Amino acid sequence: MSQTFNADHLDVPRFTREGAELVGNDALSKYERLIIEALDPKSPDTLNTPVSWQAQGEMTEDASGHQVHWLNLQAHTHLPMTCQRCLTPVQAALSVDQRYRFVASEDQAMAEDDEAEEDLLVLSREFNLRELVEDELLMALPLVPRHEVCPGDVRMSAQDEDFEQDDKKANPFAVLSSLKKK
Ligand SMILES: [Zn+2]
């Protein structure tokens with residue numbers, strides 16, 4: 001892990017060439033667009049909620065010998081939200097695990113986006129990695145935040161068991177939050 005890389009102004013070609021890694025442990029207060037989604041954005045607990053992430057650079061060559069730049073990103077945090085079933089607070093676990101390929105320009109990204117399985121980003125020597133972390137965590141927000149089992153309401157959650165099962169398939173965070181509880 002090199003300390004010479006700056007997550008807010010990342011030199012992507014060098015980062016991928018060196019196969020470098022960056023790790024961040026930030027406070028949620030650093031992520032202004034994300035924190036306003038919280039139930040209580042001003043409370044000290046929310047402001048100090050850890051946002052942990054790590055990014056690895058990787059460089060490969062394509063068939064014609066051109067350098068291909070990759071970024072792997074994992075990020076985790078949790079956000080106090082309102083459970084849409086019982087209307088009490090719930091900690092929504094947010095988790096990101098993404099792989100990106102860098103292309104030379106916005107135009108190239110547009111042109112290749114439909115074909116590419118991975119997400120595309122525009123190559124930069126001043127790349128804002130924290131902005132990407134925030135974008136991805138925002139996209140990881142649950143559409144309908146809710147407890148797996150609402151506190152003090154076992155009877156109700158048994159009643160809509162079918163609904164619950166459908167929801168679990170659609171929501172990968174349900175798995176995470178159940179792991180967390182253990
Ligand atoms: Zn609930």
# chains A, B, ... in the order shown; residues from 1 in each chain; ligands from 1
>>> residues_around(residues="segment 72-87 of chain A", least_positions_apart="3", cutoff="7 Å", atoms="only C-alpha atoms", output="mmCIF file with C-alpha atoms, in the first residue's frame")
data_model
loop_
_atom_site.group_PDB
_atom_site.id
_atom_site.type_symbol
_atom_site.label_atom_id
_atom_site.label_comp_id
_atom_site.auth_asym_id
_atom_site.auth_seq_id
_atom_site.Cartn_x
_atom_site.Cartn_y
_atom_site.Cartn_z
ATOM 1 C CA ALA A 38 -29.865 9.326 7.076
ATOM 2 C CA LEU A 39 -32.709 9.517 9.544
ATOM 3 C CA PRO A 50 -17.404 4.715 9.811
ATOM 4 C CA VAL A 51 -17.259 4.421 6.045
ATOM 5 C CA SER A 52 -14.608 1.876 5.148
ATOM 6 C CA TRP A 53 -13.428 1.242 1.628
ATOM 7 C CA GLN A 54 -10.520 -0.200 -0.273
ATOM 8 C CA ALA A 55 -9.434 0.176 -3.856
ATOM 9 C CA GLN A 56 -6.947 -1.885 -5.856
ATOM 10 C CA GLY A 57 -5.432 -0.920 -9.174
ATOM 11 C CA VAL A 90 -33.281 0.584 11.222
ATOM 12 C CA GLN A 91 -29.570 0.401 10.403
ATOM 13 C CA ALA A 92 -29.402 -0.103 6.646
ATOM 14 C CA ALA A 93 -26.150 -1.882 5.735
ATOM 15 C CA LEU A 94 -24.650 -0.559 2.502
ATOM 16 C CA SER A 95 -22.102 -2.620 0.651
ATOM 17 C CA VAL A 96 -20.294 -2.118 -2.637
ATOM 18 C CA ASP A 97 -18.059 -4.524 -4.560
ATOM 19 C CA GLN A 98 -17.371 -3.285 -8.085
ATOM 20 C CA ARG A 99 -14.868 -3.650 -10.865
ATOM 21 C CA TYR A 100 -14.271 -0.836 -13.342
ATOM 22 C CA VAL A 133 -17.297 5.626 -3.236
ATOM 23 C CA VAL A 144 -37.516 0.216 0.957
ATOM 24 C CA PRO A 145 -35.493 0.201 4.189
ATOM 25 C CA ARG A 146 -36.896 -2.286 6.701
ATOM 26 C CA HIS A 147 -35.929 -4.622 9.520
ATOM 27 C CA CYS A 150 -39.225 -5.676 13.213
#
>>> select_by_dssp(residues="chain A", states="helix (DSSP H, G or I)", output="ChimeraX atom specification")
/A:12-17,28-30,32-35,44-47,106-112,129-139,154-159,161-170,173-181
>>> select_by_dssp(residues="chain A", states="strand (DSSP E or B)", output="PyMOL selection string")
chain A and resi 10+21-27+50-61+67-82+89-103+119-122+127
>>> closest_residue(among="A:Pro89, A:Leu10, A:Pro142, A:Glu134", to="ligand 1", atoms="only C-alpha atoms and all ligand atoms")
A:Pro89
>>> atom_distance(atom1="atom CA of Asp26 of chain A", atom2="atom CA of Met59 of chain A")
27.0 Å
>>> closest_residue(among="A:Asp40, A:Glu32, A:Glu58, A:Asp114", to="Glu18 of chain A", atoms="only C-alpha atoms")
A:Glu58
>>> closest_residue(among="A:Asn48, A:Thr16, A:Thr4, A:Ser29", to="Arg101 of chain A", atoms="only C-alpha atoms")
A:Thr16
>>> closest_residue(among="A:Arg125, A:Thr88, A:Val23, A:Val12", to="ligand 1", atoms="only C-alpha atoms and all ligand atoms")
A:Thr88
